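Peer 1: Below is the structure I would like to discuss, written out as structure tokens.
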Amino acid sequence: MLIAPRFWSDTRARAVPRLLAPIERVVTAVAVRRACRPRWHASVPVLCCGNATVGGAGKTTLAIDMVERLRDRGRNVHCLTRGYGGQVRGVVKVDPALHTAAMVGDEALLLAAHAPTWVSADRSAGARAAVAAGADCLVLDDGFQNTTLFQDLPVLVVDGAAGFGNGHVLPAGPLREPLRQAFDRARAVVII
């Protein structure tokens, strides 16, 4: 679990973010450059639940809700996740009877209770496997900054209590990328 430094949430704190500004500029430049990379277009729609900050914001809960709504409409939806906290490598289809949270991450097991779920650091490789297995729609959990897979519907999830913290990019603040870049890419914003 991430324990955020206090200055991340204090918009009045200026000294520490100022000291970390040179590193923040490097992280920002990398994020901007990564966002420009070409992405693989799946042959099926890709919906993404992600956030601009580190930590939880309700992404997995929203992904599960999307899965249920798509399944209610007769879609053969599969989930994609990096498997944060898990140890498996490559592309792995989650089997709740076989895999543990230590192997695939806890989010993967939550998603697998609702739809076939694929763990892969390379989301485009996971998407290819899911499509080959019959998926006609993909839900990507925590992949907003992923640069390998084109997202037809990127949804920015915001923690309504924490917001965007002090508005700075890592390590000066909790943002994974500049807010303008995140909002420019998002097609919808959900505040939880």
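Chain identifiers are assigned as A, B, and so on, following the order in which chains appear in the structure tokens; residues are numbered from 1 within each chain, and ligands are numbered from 1 in order of appearance.
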Between region 34-106 of chain A and region 161-171 of chain A, at 9 Å or less, what are the per-residue closest atom pairs and their distances in Å? Count only C-alpha atoms, order by chain and rising residue number, and return it as a tab-separated table.

Peer 2:
residue	atom	partner	partner_atom	distance
A:Ala52	CA	A:Phe164	CA	7.7
A:Thr53	CA	A:Phe164	CA	6.6
A:Val54	CA	A:Leu170	CA	8.8
A:Ala57	CA	A:Ala162	CA	8.7

Peer 1: Go ahead and save the picked residues with N, CA, C and O atoms, as a CSV table (one decimal), in the first residue's frame.

Peer 2:
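After the write, part-v3.csv holds the following:
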chain,number,residue,atom,x,y,z
A,52,ALA,N,-5.1,9.8,-13.0
A,52,ALA,CA,-4.0,10.7,-13.3
A,52,ALA,C,-3.0,10.7,-12.1
A,52,ALA,O,-1.9,11.1,-12.2
A,53,THR,N,-3.5,10.1,-10.9
A,53,THR,CA,-2.7,10.1,-9.7
A,53,THR,C,-2.3,8.7,-9.4
A,53,THR,O,-2.9,7.7,-9.8
A,54,VAL,N,-1.3,8.5,-8.5
A,54,VAL,CA,-0.9,7.2,-8.0
A,54,VAL,C,-1.9,6.9,-6.9
A,54,VAL,O,-2.5,7.7,-6.3
A,57,ALA,N,-8.4,5.0,-6.7
A,57,ALA,CA,-9.4,6.0,-6.9
A,57,ALA,C,-10.8,5.4,-7.2
A,57,ALA,O,-11.7,6.1,-7.5

Peer 1: Hey, could you make a per-residue contact list for region 123-152 of chain A against region 70-83 of chain A with 6 Å as the cut-off, showing the nearest pair of atoms and its distance in Å to one decimal, counting only C-alpha atoms, sorted by chain and number, as a tab-separated table?

Peer 2:
residue	atom	partner	partner_atom	distance
A:Ala135	CA	A:Asn76	CA	5.3
A:Asp136	CA	A:Asn76	CA	5.4
A:Cys137	CA	A:Val77	CA	4.7
A:Leu138	CA	A:His78	CA	5.1
A:Val139	CA	A:Cys79	CA	4.8
A:Leu140	CA	A:Leu80	CA	4.7
A:Asp141	CA	A:Thr81	CA	5.3

Peer 1: Would you save the residues from that selection as a compact mmCIF listing (two decimals), in the first residue's frame, using all heavy atoms?

Peer 2:
# COMPACT_ATOMS: atom_id res chain seq x y z
N ALA A 135 -12.98 -12.46 -27.19
CA ALA A 135 -13.49 -11.19 -26.65
C ALA A 135 -14.00 -10.31 -27.77
O ALA A 135 -13.36 -10.19 -28.81
CB ALA A 135 -12.39 -10.48 -25.87
N ASP A 136 -15.16 -9.68 -27.56
CA ASP A 136 -15.64 -8.70 -28.53
C ASP A 136 -15.64 -7.29 -27.93
O ASP A 136 -16.10 -6.33 -28.54
CB ASP A 136 -17.02 -9.07 -29.08
CG ASP A 136 -18.13 -9.06 -28.05
OD1 ASP A 136 -17.91 -8.57 -26.91
OD2 ASP A 136 -19.22 -9.54 -28.37
N CYS A 137 -15.09 -7.17 -26.73
CA CYS A 137 -14.97 -5.90 -26.04
C CYS A 137 -13.95 -6.09 -24.92
O CYS A 137 -13.94 -7.15 -24.27
CB CYS A 137 -16.32 -5.50 -25.47
SG CYS A 137 -16.36 -3.84 -24.81
N LEU A 138 -13.10 -5.09 -24.69
CA LEU A 138 -12.07 -5.18 -23.65
C LEU A 138 -12.23 -4.03 -22.66
O LEU A 138 -12.47 -2.90 -23.05
CB LEU A 138 -10.67 -5.12 -24.27
CG LEU A 138 -10.34 -6.19 -25.30
CD1 LEU A 138 -9.01 -5.88 -25.97
CD2 LEU A 138 -10.32 -7.57 -24.65
N VAL A 139 -12.06 -4.36 -21.37
CA VAL A 139 -12.04 -3.34 -20.32
C VAL A 139 -10.65 -3.39 -19.70
O VAL A 139 -10.23 -4.42 -19.18
CB VAL A 139 -13.13 -3.56 -19.26
CG1 VAL A 139 -12.94 -2.61 -18.09
CG2 VAL A 139 -14.51 -3.39 -19.87
N LEU A 140 -9.97 -2.27 -19.79
CA LEU A 140 -8.61 -2.14 -19.29
C LEU A 140 -8.66 -1.46 -17.93
O LEU A 140 -9.14 -0.33 -17.82
CB LEU A 140 -7.81 -1.31 -20.30
CG LEU A 140 -6.38 -0.94 -20.03
CD1 LEU A 140 -5.52 -2.18 -19.83
CD2 LEU A 140 -5.84 -0.13 -21.21
N ASP A 141 -8.18 -2.16 -16.91
CA ASP A 141 -8.18 -1.61 -15.55
C ASP A 141 -6.81 -0.99 -15.26
O ASP A 141 -5.79 -1.64 -15.41
CB ASP A 141 -8.49 -2.71 -14.54
CG ASP A 141 -8.56 -2.20 -13.11
OD1 ASP A 141 -8.88 -1.01 -12.92
OD2 ASP A 141 -8.30 -2.98 -12.19

Peer 1: Give me the region 33-134 of chain A side of the contact with region 183-190 of chain A, cut-off 12 Å, one line per residue showing its nearest atom pair and distance in Å at one decimal, counting only C-alpha atoms, sorted by chain and residue number, as JSON lines.

Peer 2:
{"residue": "A:Ala35", "atom": "CA", "partner": "A:Arg185", "partner_atom": "CA", "distance": 9.3}
{"residue": "A:Cys36", "atom": "CA", "partner": "A:Arg185", "partner_atom": "CA", "distance": 11.2}
{"residue": "A:Leu47", "atom": "CA", "partner": "A:Arg187", "partner_atom": "CA", "distance": 10.2}
{"residue": "A:Cys48", "atom": "CA", "partner": "A:Ala186", "partner_atom": "CA", "distance": 9.5}
{"residue": "A:Cys49", "atom": "CA", "partner": "A:Val190", "partner_atom": "CA", "distance": 9.2}
{"residue": "A:Gly50", "atom": "CA", "partner": "A:Ala186", "partner_atom": "CA", "distance": 9.5}
{"residue": "A:Asn51", "atom": "CA", "partner": "A:Val189", "partner_atom": "CA", "distance": 9.3}
{"residue": "A:Ala52", "atom": "CA", "partner": "A:Phe183", "partner_atom": "CA", "distance": 8.9}
{"residue": "A:Ala57", "atom": "CA", "partner": "A:Val190", "partner_atom": "CA", "distance": 9.8}
{"residue": "A:Gly58", "atom": "CA", "partner": "A:Val190", "partner_atom": "CA", "distance": 9.5}
{"residue": "A:Lys59", "atom": "CA", "partner": "A:Val190", "partner_atom": "CA", "distance": 9.5}
{"residue": "A:Thr61", "atom": "CA", "partner": "A:Val190", "partner_atom": "CA", "distance": 11.6}
{"residue": "A:Leu62", "atom": "CA", "partner": "A:Val190", "partner_atom": "CA", "distance": 8.8}
{"residue": "A:Ala63", "atom": "CA", "partner": "A:Val190", "partner_atom": "CA", "distance": 11.5}

Peer 1: Go ahead and save the residues from that selection, with N, CA, C and O atoms, as an mmCIF file, in the first residue's frame.

Peer 2:
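Saved to again.cif:
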data_model
loop_
_atom_site.group_PDB
_atom_site.id
_atom_site.type_symbol
_atom_site.label_atom_id
_atom_site.label_comp_id
_atom_site.auth_asym_id
_atom_site.auth_seq_id
_atom_site.Cartn_x
_atom_site.Cartn_y
_atom_site.Cartn_z
ATOM 1 N N ALA A 35 3.410 9.388 -24.117
ATOM 2 C CA ALA A 35 2.034 9.546 -24.608
ATOM 3 C C ALA A 35 1.975 9.669 -26.130
ATOM 4 O O ALA A 35 0.928 9.420 -26.724
ATOM 5 N N CYS A 36 3.084 10.019 -26.751
ATOM 6 C CA CYS A 36 3.115 10.194 -28.209
ATOM 7 C C CYS A 36 3.444 8.909 -28.962
ATOM 8 O O CYS A 36 3.411 8.899 -30.192
ATOM 9 N N LEU A 47 -12.187 -0.137 -23.612
ATOM 10 C CA LEU A 47 -12.603 0.856 -22.631
ATOM 11 C C LEU A 47 -11.583 0.821 -21.501
ATOM 12 O O LEU A 47 -11.177 -0.264 -21.077
ATOM 13 N N CYS A 48 -11.162 1.972 -21.028
ATOM 14 C CA CYS A 48 -10.116 2.035 -20.010
ATOM 15 C C CYS A 48 -10.579 2.832 -18.803
ATOM 16 O O CYS A 48 -11.114 3.925 -18.939
ATOM 17 N N CYS A 49 -10.341 2.282 -17.609
ATOM 18 C CA CYS A 49 -10.572 2.988 -16.350
ATOM 19 C C CYS A 49 -9.203 3.276 -15.755
ATOM 20 O O CYS A 49 -8.459 2.353 -15.444
ATOM 21 N N GLY A 50 -8.868 4.538 -15.615
ATOM 22 C CA GLY A 50 -7.563 4.878 -15.062
ATOM 23 C C GLY A 50 -7.615 6.219 -14.376
ATOM 24 O O GLY A 50 -8.623 6.916 -14.421
ATOM 25 N N ASN A 51 -6.497 6.568 -13.731
ATOM 26 C CA ASN A 51 -6.468 7.863 -13.064
ATOM 27 C C ASN A 51 -5.160 8.575 -13.331
ATOM 28 O O ASN A 51 -4.204 7.995 -13.830
ATOM 29 N N ALA A 52 -5.138 9.843 -13.019
ATOM 30 C CA ALA A 52 -3.956 10.662 -13.257
ATOM 31 C C ALA A 52 -3.021 10.656 -12.061
ATOM 32 O O ALA A 52 -1.900 11.130 -12.156
ATOM 33 N N ALA A 57 -8.387 4.984 -6.716
ATOM 34 C CA ALA A 57 -9.408 6.018 -6.928
ATOM 35 C C ALA A 57 -10.758 5.374 -7.207
ATOM 36 O O ALA A 57 -11.730 6.065 -7.453
ATOM 37 N N GLY A 58 -10.804 4.029 -7.207
ATOM 38 C CA GLY A 58 -12.034 3.327 -7.535
ATOM 39 C C GLY A 58 -12.048 2.769 -8.940
ATOM 40 O O GLY A 58 -13.106 2.426 -9.473
ATOM 41 N N LYS A 59 -10.863 2.652 -9.560
ATOM 42 C CA LYS A 59 -10.768 2.182 -10.948
ATOM 43 C C LYS A 59 -11.334 0.777 -11.120
ATOM 44 O O LYS A 59 -12.107 0.526 -12.049
ATOM 45 N N THR A 61 -13.426 -0.904 -9.248
ATOM 46 C CA THR A 61 -14.878 -0.913 -9.022
ATOM 47 C C THR A 61 -15.611 -0.433 -10.265
ATOM 48 O O THR A 61 -16.614 -1.026 -10.681
ATOM 49 N N LEU A 62 -15.106 0.628 -10.876
ATOM 50 C CA LEU A 62 -15.725 1.135 -12.105
ATOM 51 C C LEU A 62 -15.564 0.130 -13.242
ATOM 52 O O LEU A 62 -16.502 -0.094 -14.017
ATOM 53 N N ALA A 63 -14.399 -0.503 -13.334
ATOM 54 C CA ALA A 63 -14.181 -1.517 -14.378
ATOM 55 C C ALA A 63 -15.183 -2.662 -14.233
ATOM 56 O O ALA A 63 -15.768 -3.117 -15.224
#

Peer 1: Can you tell me which residues surround Ala13 (chain A) at a distance of at most 12 Å, considering only C-alpha atoms, apart from same-chain residues fewer than 4 positions away, and format the answer as a PyMOL selection string?

Peer 2: chain A and resi 5-9+17-19+165-168+172-173

Peer 1: For a quick check of understanding, using only C-alpha atoms, which of A:Leu111, A:Ala15, A:Ala121, A:Leu149 has the smallest distance to Val46 (chain A)?

Peer 2: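 Once distances to Val46 (chain A) are computed over only C-alpha atoms, the minimum belongs to A:Leu149.
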
Peer 1: Please, what distance in Å, to one decimal, runs between CA of Gln87 (chain A) and CA of Thr148 (chain A)?

Peer 2: 20.6 Å

Peer 1: Pro96 (chain A): which residues within 10 Å, counting only C-alpha atoms, same-chain residues fewer than 4 positions away excluded, as number ranges by chain?

Peer 2: A: 100-101, 104, 108-113, 117

Peer 1: Can you write just those residues out, all heavy atoms, as a PDB file, in the first residue's frame?

Peer 2:
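What follows is the written file selection-v2.pdb:
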ATOM      1  N   THR A 100      -3.351 -17.060  -7.085  1.00  0.00           N
ATOM      2  CA  THR A 100      -3.527 -16.306  -5.840  1.00  0.00           C
ATOM      3  C   THR A 100      -3.203 -14.841  -6.112  1.00  0.00           C
ATOM      4  O   THR A 100      -2.620 -14.499  -7.137  1.00  0.00           O
ATOM      5  CB  THR A 100      -2.583 -16.829  -4.744  1.00  0.00           C
ATOM      6  OG1 THR A 100      -1.229 -16.577  -5.151  1.00  0.00           O
ATOM      7  CG2 THR A 100      -2.792 -18.312  -4.480  1.00  0.00           C
ATOM      8  N   ALA A 101      -3.549 -13.991  -5.149  1.00  0.00           N
ATOM      9  CA  ALA A 101      -3.225 -12.571  -5.284  1.00  0.00           C
ATOM     10  C   ALA A 101      -1.716 -12.371  -5.380  1.00  0.00           C
ATOM     11  O   ALA A 101      -1.250 -11.474  -6.080  1.00  0.00           O
ATOM     12  CB  ALA A 101      -3.798 -11.779  -4.113  1.00  0.00           C
ATOM     13  N   VAL A 104      -1.050 -13.086  -9.240  1.00  0.00           N
ATOM     14  CA  VAL A 104      -1.611 -12.232 -10.295  1.00  0.00           C
ATOM     15  C   VAL A 104      -2.067 -10.858  -9.805  1.00  0.00           C
ATOM     16  O   VAL A 104      -2.483 -10.038 -10.618  1.00  0.00           O
ATOM     17  CB  VAL A 104      -2.791 -12.938 -11.013  1.00  0.00           C
ATOM     18  CG1 VAL A 104      -2.321 -14.183 -11.731  1.00  0.00           C
ATOM     19  CG2 VAL A 104      -3.928 -13.241 -10.049  1.00  0.00           C
ATOM     20  N   ALA A 108      -6.751  -8.445 -10.261  1.00  0.00           N
ATOM     21  CA  ALA A 108      -6.989  -9.464 -11.283  1.00  0.00           C
ATOM     22  C   ALA A 108      -7.999 -10.497 -10.799  1.00  0.00           C
ATOM     23  O   ALA A 108      -8.874 -10.929 -11.567  1.00  0.00           O
ATOM     24  CB  ALA A 108      -5.678 -10.144 -11.673  1.00  0.00           C
ATOM     25  N   LEU A 109      -7.897 -10.889  -9.542  1.00  0.00           N
ATOM     26  CA  LEU A 109      -8.861 -11.857  -9.008  1.00  0.00           C
ATOM     27  C   LEU A 109     -10.253 -11.247  -8.886  1.00  0.00           C
ATOM     28  O   LEU A 109     -11.254 -11.927  -9.154  1.00  0.00           O
ATOM     29  CB  LEU A 109      -8.385 -12.381  -7.650  1.00  0.00           C
ATOM     30  CG  LEU A 109      -7.147 -13.279  -7.696  1.00  0.00           C
ATOM     31  CD1 LEU A 109      -6.695 -13.643  -6.296  1.00  0.00           C
ATOM     32  CD2 LEU A 109      -7.417 -14.533  -8.510  1.00  0.00           C
ATOM     33  N   LEU A 110     -10.337  -9.985  -8.493  1.00  0.00           N
ATOM     34  CA  LEU A 110     -11.643  -9.315  -8.425  1.00  0.00           C
ATOM     35  C   LEU A 110     -12.289  -9.261  -9.806  1.00  0.00           C
ATOM     36  O   LEU A 110     -13.474  -9.567  -9.961  1.00  0.00           O
ATOM     37  CB  LEU A 110     -11.484  -7.895  -7.875  1.00  0.00           C
ATOM     38  CG  LEU A 110     -11.140  -7.764  -6.397  1.00  0.00           C
ATOM     39  CD1 LEU A 110     -10.762  -6.324  -6.073  1.00  0.00           C
ATOM     40  CD2 LEU A 110     -12.304  -8.220  -5.540  1.00  0.00           C
ATOM     41  N   LEU A 111     -11.516  -8.889 -10.810  1.00  0.00           N
ATOM     42  CA  LEU A 111     -12.040  -8.803 -12.172  1.00  0.00           C
ATOM     43  C   LEU A 111     -12.437 -10.179 -12.704  1.00  0.00           C
ATOM     44  O   LEU A 111     -13.467 -10.328 -13.373  1.00  0.00           O
ATOM     45  CB  LEU A 111     -10.997  -8.166 -13.092  1.00  0.00           C
ATOM     46  CG  LEU A 111     -10.686  -6.694 -12.812  1.00  0.00           C
ATOM     47  CD1 LEU A 111      -9.401  -6.277 -13.517  1.00  0.00           C
ATOM     48  CD2 LEU A 111     -11.844  -5.804 -13.218  1.00  0.00           C
ATOM     49  N   ALA A 112     -11.620 -11.192 -12.409  1.00  0.00           N
ATOM     50  CA  ALA A 112     -11.872 -12.548 -12.919  1.00  0.00           C
ATOM     51  C   ALA A 112     -13.161 -13.145 -12.365  1.00  0.00           C
ATOM     52  O   ALA A 112     -13.714 -14.079 -12.954  1.00  0.00           O
ATOM     53  CB  ALA A 112     -10.684 -13.454 -12.607  1.00  0.00           C
ATOM     54  N   ALA A 113     -13.661 -12.609 -11.270  1.00  0.00           N
ATOM     55  CA  ALA A 113     -14.943 -13.077 -10.740  1.00  0.00           C
ATOM     56  C   ALA A 113     -16.104 -12.604 -11.619  1.00  0.00           C
ATOM     57  O   ALA A 113     -17.225 -13.099 -11.485  1.00  0.00           O
ATOM     58  CB  ALA A 113     -15.130 -12.583  -9.303  1.00  0.00           C
ATOM     59  N   THR A 117     -10.189 -12.653 -17.475  1.00  0.00           N
ATOM     60  CA  THR A 117      -9.232 -11.589 -17.181  1.00  0.00           C
ATOM     61  C   THR A 117      -7.818 -12.034 -17.554  1.00  0.00           C
ATOM     62  O   THR A 117      -7.415 -13.161 -17.264  1.00  0.00           O
ATOM     63  CB  THR A 117      -9.295 -11.213 -15.684  1.00  0.00           C
ATOM     64  OG1 THR A 117     -10.626 -10.738 -15.402  1.00  0.00           O
ATOM     65  CG2 THR A 117      -8.278 -10.164 -15.314  1.00  0.00           C
TER      66      THR A 117
END

Peer 1: Please return as a count of residues only: the residues of region 34-181 of chain A that backbone DSSP assigns to alpha helix (DSSP H).

Peer 2: 40

Peer 1: Between A:His41, A:Lys93, A:Arg123, A:Arg128, which one has atoms that come closest to Asp152 (chain A), using only C-alpha atoms?

Peer 2: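 Going through A:His41, A:Lys93, A:Arg123, A:Arg128 one by one, the smallest distance to Asp152 (chain A) is for A:His41.
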
Peer 1: Check the DSSP output for the backbone and give back, as a count of residues only, the residues of region 3-175 of chain A in strand (DSSP E).

Peer 2: 26

Peer 1: Give me, please, the distance in Å between CA of Arg33 (chain A) and CA of Asn146 (chain A), quoted to one decimal.

Peer 2: 12.3 Å

Peer 1: One decimal, Å: what's the distance from CA of Val119 (chain A) over to CA of Val157 (chain A), could you say?

Peer 2: 20.8 Å

Peer 1: Contacts between region 130-133 of chain A and region 3-63 of chain A, please, where a residue of region 3-63 of chain A counts if it comes within 10 Å (with only C-alpha atoms); show its shortest atom pair and distance in Å to one decimal, rows by chain and ascending number, as JSON lines.

Peer 2:
{"residue": "A:Ala42", "atom": "CA", "partner": "A:Val131", "partner_atom": "CA", "distance": 8.0}
{"residue": "A:Ser43", "atom": "CA", "partner": "A:Val131", "partner_atom": "CA", "distance": 7.8}
{"residue": "A:Val44", "atom": "CA", "partner": "A:Val131", "partner_atom": "CA", "distance": 7.5}

Peer 1: Using C-alpha atoms, can you export the residues from the last selection as a tab-separated table (two decimals), in the first residue's frame?

Peer 2:
chain	number	residue	atom	x	y	z
A	42	ALA	CA	-7.44	-3.85	-31.31
A	43	SER	CA	-10.16	-5.11	-33.61
A	44	VAL	CA	-12.65	-4.70	-30.75
